[in-house]
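Reproduced below: my_file-v9.txt, with compact mmCIF, C-alpha atoms.
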```txt
# COMPACT_ATOMS: atom_id res chain seq x y z
CA MET A 197 123.58 99.10 106.16
CA ASP A 198 119.92 100.05 106.22
CA PRO A 199 117.90 97.35 108.03
CA GLU A 200 114.67 98.82 106.70
CA LYS A 201 115.66 97.79 103.19
CA LEU A 202 116.57 94.21 104.13
CA THR A 203 114.24 91.23 104.04
CA ALA A 204 116.24 89.32 106.66
CA ILE A 205 119.46 89.18 108.67
CA ASP A 206 121.21 85.81 108.75
CA VAL A 207 123.27 85.78 111.96
CA HIS A 208 125.21 82.58 111.24
CA THR A 209 127.37 82.07 108.15
CA HIS A 210 130.87 80.70 107.71
CA ALA A 211 133.88 81.95 105.79
CA GLU A 212 135.37 78.59 104.84
CA VAL A 213 138.06 79.53 102.33
CA SER A 214 140.63 82.32 102.31
CA SER A 215 141.67 84.43 99.36
CA ARG A 216 144.69 82.12 99.06
CA GLY A 217 142.39 79.12 98.65
CA ASP A 218 143.17 77.68 102.10
CA ALA A 219 140.23 75.90 103.76
CA SER A 220 139.34 76.34 107.42
CA LEU A 221 138.73 72.59 107.87
CA SER A 222 140.85 69.58 107.01
CA ALA A 223 139.85 67.72 103.84
CA GLU A 224 138.49 64.84 105.94
CA LEU A 225 136.29 67.02 108.14
CA GLY A 226 135.15 69.15 105.22
CA ALA A 227 134.06 66.14 103.18
CA ALA A 228 132.25 64.60 106.15
CA SER A 229 130.33 67.81 106.88
CA GLU A 230 129.35 68.09 103.23
CA ALA A 231 127.86 64.59 103.33
CA TYR A 232 126.18 65.19 106.71
CA PHE A 233 124.42 68.37 105.60
CA LYS A 234 123.71 67.18 102.03
CA VAL A 235 125.19 70.44 100.84
CA GLU A 236 123.54 72.13 97.86
CA GLY A 237 125.52 74.42 95.58
CA ASN A 238 128.92 75.98 96.22
CA ARG A 239 130.48 74.40 99.33
CA LYS A 240 133.34 76.90 99.58
CA PRO A 241 132.25 80.33 98.36
CA THR A 242 134.76 83.14 98.65
CA LEU A 243 133.89 86.16 100.75
CA PRO A 244 133.08 88.30 97.68
CA GLU A 245 130.86 85.47 96.41
CA MET A 246 129.07 85.38 99.77
CA ALA A 247 128.46 89.12 99.58
CA ALA A 248 126.99 88.78 96.08
CA TYR A 249 124.87 85.82 97.17
CA TYR A 250 123.25 87.73 100.04
CA ARG A 251 122.95 90.96 98.06
CA ALA A 252 120.96 89.09 95.41
CA ARG A 253 118.53 88.04 98.16
CA ASN A 254 118.36 91.49 99.76
CA MET A 255 119.64 90.02 103.02
CA ALA A 256 122.53 90.77 105.35
CA ALA A 257 124.75 88.10 106.86
CA VAL A 258 126.95 87.83 109.92
CA VAL A 259 130.09 86.06 108.72
CA PHE A 260 132.96 84.49 110.66
CA THR A 261 135.68 81.90 110.65
CA VAL A 262 136.45 79.42 113.46
CA ASP A 263 139.88 79.61 115.07
CA ALA A 264 140.56 76.13 116.46
CA GLU A 265 144.20 75.87 115.45
CA HIS A 266 145.31 74.61 118.87
CA ALA A 267 143.08 71.53 118.59
CA THR A 268 143.05 70.90 114.83
CA GLY A 269 146.38 72.21 113.60
CA THR A 270 144.54 73.97 110.75
CA PRO A 271 144.86 77.77 110.58
CA PRO A 272 141.55 79.63 110.27
CA VAL A 273 140.57 82.00 107.51
CA PRO A 274 142.20 85.20 108.81
CA ASN A 275 139.86 87.37 110.87
CA GLU A 276 141.34 90.44 109.23
CA GLU A 277 140.36 89.11 105.81
CA VAL A 278 136.77 88.58 106.96
CA ALA A 279 136.63 92.10 108.40
CA GLU A 280 138.12 93.65 105.27
CA ALA A 281 135.59 91.83 103.07
CA ALA A 282 132.80 93.17 105.26
CA ALA A 283 134.23 96.68 105.04
CA ALA A 284 134.21 96.33 101.26
CA ASN A 285 130.59 95.10 101.33
CA PRO A 286 129.05 97.01 104.24
CA ASP A 287 125.53 96.78 102.82
CA VAL A 288 125.40 93.00 103.28
CA LEU A 289 128.24 91.61 105.44
CA ILE A 290 128.59 92.00 109.22
CA PRO A 291 131.99 90.86 110.52
CA PHE A 292 132.44 88.59 113.51
CA ALA A 293 135.82 87.18 114.48
CA SER A 294 137.04 84.02 116.20
CA VAL A 295 139.92 83.77 118.64
CA ASP A 296 141.02 80.42 120.03
CA PRO A 297 140.87 80.67 123.86
CA PHE A 298 144.12 78.69 124.02
CA ARG A 299 145.91 81.74 122.60
CA GLY A 300 145.88 83.21 126.12
CA ARG A 301 146.90 86.85 126.63
CA ALA A 302 147.93 87.17 122.99
CA GLY A 303 144.41 86.15 122.02
CA VAL A 304 142.87 88.74 124.34
CA ALA A 305 145.03 91.46 122.80
CA ARG A 306 144.10 90.21 119.33
CA ALA A 307 140.38 90.36 120.16
CA ARG A 308 140.64 93.95 121.33
CA ARG A 309 142.57 94.94 118.22
CA LEU A 310 139.98 93.27 115.96
CA VAL A 311 137.25 95.37 117.53
CA GLU A 312 139.14 98.66 117.67
CA GLU A 313 141.00 98.49 114.35
CA TYR A 314 138.81 96.24 112.20
CA GLY A 315 135.31 96.94 113.52
CA VAL A 316 134.25 93.37 114.23
CA ARG A 317 130.83 93.15 115.88
CA GLY A 318 131.13 89.83 117.69
CA PHE A 319 133.09 86.62 118.28
CA LYS A 320 132.31 83.02 117.39
CA PHE A 321 133.23 80.17 119.75
CA HIS A 322 132.92 76.50 118.84
CA PRO A 323 133.69 74.72 122.12
CA SER A 324 133.54 71.19 120.66
CA ILE A 325 136.04 71.92 117.90
CA GLN A 326 138.18 74.24 120.03
CA GLY A 327 138.16 71.71 122.88
CA PHE A 328 137.19 73.84 125.88
CA HIS A 329 134.29 74.32 128.25
CA PRO A 330 132.86 77.85 127.86
CA ASN A 331 133.00 78.32 131.64
CA ASP A 332 136.74 77.56 131.72
CA ARG A 333 138.44 80.60 133.26
CA MET A 334 140.97 80.39 130.45
CA ALA A 335 138.43 82.14 128.21
CA TYR A 336 137.34 84.82 130.66
CA GLY A 337 139.81 87.42 129.41
CA LEU A 338 138.17 87.20 126.00
CA TYR A 339 134.71 87.60 127.53
CA GLU A 340 135.89 90.68 129.41
CA VAL A 341 136.90 92.33 126.14
CA ILE A 342 133.66 91.31 124.42
CA GLU A 343 131.52 92.63 127.27
CA GLU A 344 133.51 95.86 127.57
CA THR A 345 133.30 96.61 123.85
CA GLY A 346 129.59 95.78 123.61
CA THR A 347 130.16 93.12 120.98
CA VAL A 348 128.49 89.69 120.87
CA ALA A 349 129.67 86.24 121.97
CA LEU A 350 128.19 83.49 119.79
CA PHE A 351 128.60 79.92 121.06
CA HIS A 352 128.02 76.74 119.11
CA THR A 353 125.76 74.49 121.22
CA GLY A 354 124.60 70.91 120.89
CA GLN A 355 125.68 68.25 118.45
CA THR A 356 127.85 69.26 115.51
CA GLY A 357 127.92 68.03 111.94
CA ILE A 358 131.67 68.62 111.92
CA GLY A 359 133.27 65.23 112.48
CA ALA A 360 129.99 63.34 112.15
CA GLY A 361 130.64 59.97 110.54
CA VAL A 362 134.42 60.24 110.88
CA PRO A 363 136.03 57.55 113.10
CA GLY A 364 135.95 58.87 116.65
CA GLY A 365 134.15 61.97 115.39
CA GLY A 366 137.50 63.30 114.27
CA GLY A 367 138.39 63.65 117.96
CA ILE A 368 135.67 66.28 118.46
CA ARG A 369 133.88 65.92 121.79
CA LEU A 370 130.24 66.92 122.11
CA LYS A 371 130.37 67.46 125.89
CA TYR A 372 131.92 70.90 125.50
CA SER A 373 128.81 72.33 123.84
CA ASN A 374 126.22 71.90 126.58
CA PRO A 375 124.52 75.32 126.91
CA MET A 376 124.54 75.00 130.70
CA ASP A 377 128.25 75.87 130.56
CA VAL A 378 127.25 79.17 128.94
CA ASP A 379 124.84 79.80 131.82
CA ASP A 380 127.90 80.27 134.03
CA VAL A 381 129.31 82.76 131.52
CA ALA A 382 126.03 84.69 131.47
CA ALA A 383 125.99 84.81 135.26
CA ASP A 384 129.61 85.96 135.53
CA PHE A 385 129.25 88.54 132.75
CA PRO A 386 125.74 89.94 133.25
CA HIS A 387 126.07 92.58 130.51
CA LEU A 388 127.54 90.24 127.89
CA LYS A 389 125.39 89.79 124.77
CA ILE A 390 125.27 86.06 124.02
CA ILE A 391 123.86 83.91 121.22
CA LEU A 392 123.38 80.16 121.69
CA ALA A 393 123.77 78.84 118.16
CA HIS A 394 121.54 76.09 116.77
CA PRO A 395 118.77 73.94 118.18
CA SER A 396 120.84 72.51 121.03
CA PHE A 397 120.21 68.77 120.65
CA PRO A 398 120.34 66.90 123.01
CA TRP A 399 120.16 69.89 125.38
CA GLN A 400 117.28 71.86 123.88
CA ASP A 401 115.46 72.33 127.18
CA GLU A 402 118.65 73.55 128.82
CA ALA A 403 119.11 76.19 126.11
CA LEU A 404 115.52 77.38 126.50
CA ALA A 405 115.98 77.57 130.26
CA VAL A 406 119.17 79.63 129.98
CA ALA A 407 117.70 82.02 127.40
CA THR A 408 114.55 82.48 129.49
CA HIS A 409 116.50 83.07 132.71
CA LYS A 410 119.38 85.26 131.51
CA PRO A 411 118.37 88.55 129.82
CA GLY A 412 121.47 88.74 127.63
CA VAL A 413 121.11 85.26 126.11
CA HIS A 414 119.57 84.72 122.68
CA ILE A 415 119.12 81.65 120.45
CA ASP A 416 119.84 81.38 116.75
CA LEU A 417 118.07 78.76 114.65
CA SER A 418 120.92 77.84 112.33
CA GLY A 419 122.26 74.46 111.30
CA TRP A 420 118.92 72.66 111.11
CA SER A 421 116.15 72.71 108.59
CA PRO A 422 113.18 74.20 110.49
CA LYS A 423 111.10 71.11 109.70
CA TYR A 424 113.23 69.28 112.26
CA PHE A 425 112.88 71.85 115.05
CA PRO A 426 111.65 70.30 118.31
CA PRO A 427 108.13 71.41 119.31
CA GLN A 428 109.26 73.15 122.49
CA LEU A 429 111.65 75.37 120.51
CA VAL A 430 108.83 76.47 118.18
CA HIS A 431 106.56 77.09 121.18
CA TYR A 432 109.11 79.28 123.00
CA ALA A 433 109.95 81.14 119.78
CA ASN A 434 106.26 81.97 119.47
CA THR A 435 105.86 83.06 123.10
CA LEU A 436 108.39 83.76 125.86
CA LEU A 437 111.43 84.06 123.59
CA GLN A 438 109.87 85.79 120.59
CA ASP A 439 112.17 88.80 121.13
CA LYS A 440 115.30 86.65 121.59
CA VAL A 441 115.21 84.15 118.72
CA LEU A 442 117.19 84.84 115.54
CA PHE A 443 117.28 83.61 111.96
CA GLY A 444 120.51 81.85 111.06
CA SER A 445 121.21 79.41 108.27
CA ASP A 446 124.76 77.99 108.69
CA TYR A 447 125.55 78.90 105.07
CA PRO A 448 127.20 77.43 103.05
CA VAL A 449 126.32 74.02 104.53
CA LEU A 450 122.65 75.03 104.73
CA THR A 451 121.35 77.72 102.41
CA PRO A 452 118.99 80.50 103.53
CA ASP A 453 116.73 79.54 100.61
CA ARG A 454 116.24 76.04 101.98
CA TRP A 455 115.89 77.29 105.56
CA LEU A 456 113.29 79.95 104.72
CA ALA A 457 111.20 77.58 102.61
CA ASP A 458 110.88 75.21 105.56
CA PHE A 459 110.42 78.04 108.06
CA ASP A 460 107.34 79.21 106.14
CA LYS A 461 105.68 75.87 106.94
CA LEU A 462 106.09 76.22 110.72
CA PRO A 463 103.16 77.39 112.90
CA VAL A 464 104.92 80.65 113.75
CA LYS A 465 102.72 83.68 114.36
CA GLU A 466 102.72 86.27 111.61
CA SER A 467 103.49 88.90 114.26
CA VAL A 468 106.57 86.94 115.35
CA LYS A 469 108.12 86.10 111.96
CA PRO A 470 109.52 89.61 111.32
CA LYS A 471 111.15 89.57 114.74
CA ILE A 472 112.91 86.27 114.08
CA LEU A 473 113.91 87.11 110.52
CA LYS A 474 115.23 90.61 111.10
CA SER A 475 114.25 92.94 113.92
CA ASN A 476 115.66 90.92 116.84
CA ALA A 477 119.05 90.69 115.13
CA ALA A 478 119.02 94.35 114.08
CA ARG A 479 118.49 95.38 117.69
CA LEU A 480 121.08 92.95 119.12
CA LEU A 481 123.72 94.01 116.60
CA GLY A 482 123.08 97.70 117.18
CA LEU A 483 121.81 98.33 113.66
CA THR A 484 118.68 99.99 114.99
CA SER A 485 117.58 101.59 118.27
```

Please lay out the structure from this file as structure tokens.
Amino acid sequence: MDPEKLTAIDVHTHAEVSSRGDASLSAELGAASEAYFKVEGNRKPTLPEMAAYYRARNMAAVVFTVDAEHATGTPPVPNEEVAEAAAANPDVLIPFASVDPFRGRAGVARARRLVEEYGVRGFKFHPSIQGFHPNDRMAYGLYEVIEETGTVALFHTGQTGIGAGVPGGGGIRLKYSNPMDVDDVAADFPHLKIILAHPSFPWQDEALAVATHKPGVHIDLSGWSPKYFPPQLVHYANTLLQDKVLFGSDYPVLTPDRWLADFDKLPVKESVKPKILKSNAARLLGLTS
């Protein structure tokens, strides 16, 4: 992958269907998220289709599944399949993995194997769907592997569209995704590279505080159309956090085309836009010095 030839790096996309056709969400949750996000286009692209989609836009994409089998009973798209698709499309796909913290020691061993044998560059956690607080010591073995291997820990933060509108939210609890829980992780693992995913409603100020205070913490802007970004997020992206804010779409529920069109309308400095769209991510992911 040559970052110089890319227009942007999208650090937040989802592999939602396996090569066998199995979805990573139940039919109920998948339908509810589609309605919540007003999804445009193909809701469940295959991994090869995702590669072609981003190649056509001259972009790269971080892609991952979410392993929440303990809480949902639904197996994820296999991490190995995501990594193999990225290996087959190294010009556009960057593989992250997901390991349910409830897998215990077996999960820790799996995480190490995914880095050493499959070349994954980071790990996605979705505390609300997985049903754990990020500062629960249960997950610390995973963080040790991620820190040791120099990969990235990406945490969903704030409200989630998954379960929105379903009775009881589909059992998904928002409390687990307060970014202040990740502040503990950043303190306990000072060399861990962390991304707080999404504008963190209703904890936006907390996310900004953590990212400002902890050198290893970054923020991605996925999951929301930029026209809905809170003013303080835009202000910090323009100033104190201009080197720590990252473009992410949440594809396929939100397309990069839609995101970028709305981003162009924000009062973001011309000197800052290239950082958000590409250079911050290239540096964090080790694609450039």

So that I can check the surroundings of Gly300 of chain A, please list as number ranges by chain every protein, DNA and RNA residue that reaches within 9 Å of it, counting all atoms listed in the file and ignoring chain neighbours fewer than 5 positions away. A: 305, 334-335, 337-338

Taking only residues of segment 456-483 of chain A that have an atom at most 9 Å from an atom of segment 437-452 of chain A, what is each one's shortest atom pair and its distance in Å to one decimal, using all atoms listed in the file, in chain and number order, as CSV?
```
residue,atom,partner,partner_atom,distance
A:Leu456,CA,A:Pro452,CA,5.8
A:Ala457,CA,A:Pro452,CA,8.4
A:Val468,CA,A:Gln438,CA,6.3
A:Lys469,CA,A:Gln438,CA,8.8
A:Lys471,CA,A:Asp439,CA,6.5
A:Ile472,CA,A:Leu442,CA,4.7
A:Leu473,CA,A:Phe443,CA,5.1
A:Lys474,CA,A:Phe443,CA,7.3
A:Ser475,CA,A:Asp439,CA,8.6
A:Asn476,CA,A:Asp439,CA,5.9
A:Ala477,CA,A:Leu442,CA,6.2
A:Leu480,CA,A:Lys440,CA,8.9
```

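Taking atom CA of Ala204 of chain A as the reference point, atom CA of Met255 of chain A is found at 5.0 Å.
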
As a ChimeraX atom specification, please: the residues near Asp401 of chain A (cut-off 10 Å, all atoms listed in the file, same-chain neighbours under 6 positions excluded). /A:375,395,407,426,428-429

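Straight-line separation from atom CA of Val311 of chain A to atom CA of Pro291 of chain A: 9.9 Å.
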
Would you tabulate, counting only C-alpha atoms, all residues of segment 313-422 of chain A that have an atom at most 9 Å from an atom of segment 266-282 of chain A, showing the closest pair of atoms and their distance in Å to one decimal, sorted by chain then ascending number, as CSV?
```
residue,atom,partner,partner_atom,distance
A:Tyr314,CA,A:Ala279,CA,6.0
A:Gly315,CA,A:Ala279,CA,7.2
A:Val316,CA,A:Ala279,CA,6.4
A:Ile325,CA,A:Ala267,CA,7.1
A:Gln326,CA,A:Ala267,CA,5.8
A:Gly327,CA,A:Ala267,CA,6.5
```

Expected file contents, prior selection, C-alpha atoms, as a short mmCIF file (atom, residue, chain, number, x, y, z; two decimals), in the frame of the given file:
```
data_model
loop_
_atom_site.label_atom_id
_atom_site.label_comp_id
_atom_site.auth_asym_id
_atom_site.auth_seq_id
_atom_site.Cartn_x
_atom_site.Cartn_y
_atom_site.Cartn_z
CA TYR A 314 138.81 96.24 112.20
CA GLY A 315 135.31 96.94 113.52
CA VAL A 316 134.25 93.37 114.23
CA ILE A 325 136.04 71.92 117.90
CA GLN A 326 138.18 74.24 120.03
CA GLY A 327 138.16 71.71 122.88
#
```

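Across the structure, atom CA of Asp296 of chain A and atom CA of Phe260 of chain A are spaced 13.0 Å apart.
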
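Proximity of A:Ala360, A:Leu243, A:Ala302, A:Ala256 to Ser214 of chain A, computed with all atoms listed in the file, is greatest for A:Leu243.
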
Within 10 Å of Phe425 of chain A, counting only C-alpha atoms, which residues qualify if same-chain residues fewer than 5 places away don't, as a PDB file with C-alpha atoms, in the coordinates of the input?
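Writing the result to selection.pdb gives the following:
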```
ATOM      1  CA  HIS A 394     121.540  76.090 116.770  1.00  0.00           C
ATOM      2  CA  PRO A 395     118.770  73.940 118.180  1.00  0.00           C
ATOM      3  CA  SER A 396     120.840  72.510 121.030  1.00  0.00           C
ATOM      4  CA  PHE A 397     120.210  68.770 120.650  1.00  0.00           C
ATOM      5  CA  GLN A 400     117.280  71.860 123.880  1.00  0.00           C
ATOM      6  CA  LEU A 417     118.070  78.760 114.650  1.00  0.00           C
ATOM      7  CA  TRP A 420     118.920  72.660 111.110  1.00  0.00           C
ATOM      8  CA  VAL A 430     108.830  76.470 118.180  1.00  0.00           C
ATOM      9  CA  PHE A 459     110.420  78.040 108.060  1.00  0.00           C
ATOM     10  CA  LEU A 462     106.090  76.220 110.720  1.00  0.00           C
TER      11      LEU A 462
END
```

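Using all atoms listed in the file, the nearest neighbour of Pro411 of chain A within the list A:Val304, A:Val207, A:Ala478, A:Ile390 is A:Ile390.
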
Between A:Gly346, A:Gly359, A:Pro286, A:Gly367, smallest distance to Arg308 of chain A by all atoms listed in the file belongs to A:Gly346

Please, what is the axis-aligned box for every listed atom of segment 453-464 of chain A with 6 Å on each side, as centre and edge lengths in Å to one decimal, as AutoDock Vina command-line options?
```
--center_x 109.9 --center_y 77.9 --center_z 107.2 --size_x 25.6 --size_y 17.4 --size_z 25.1
```
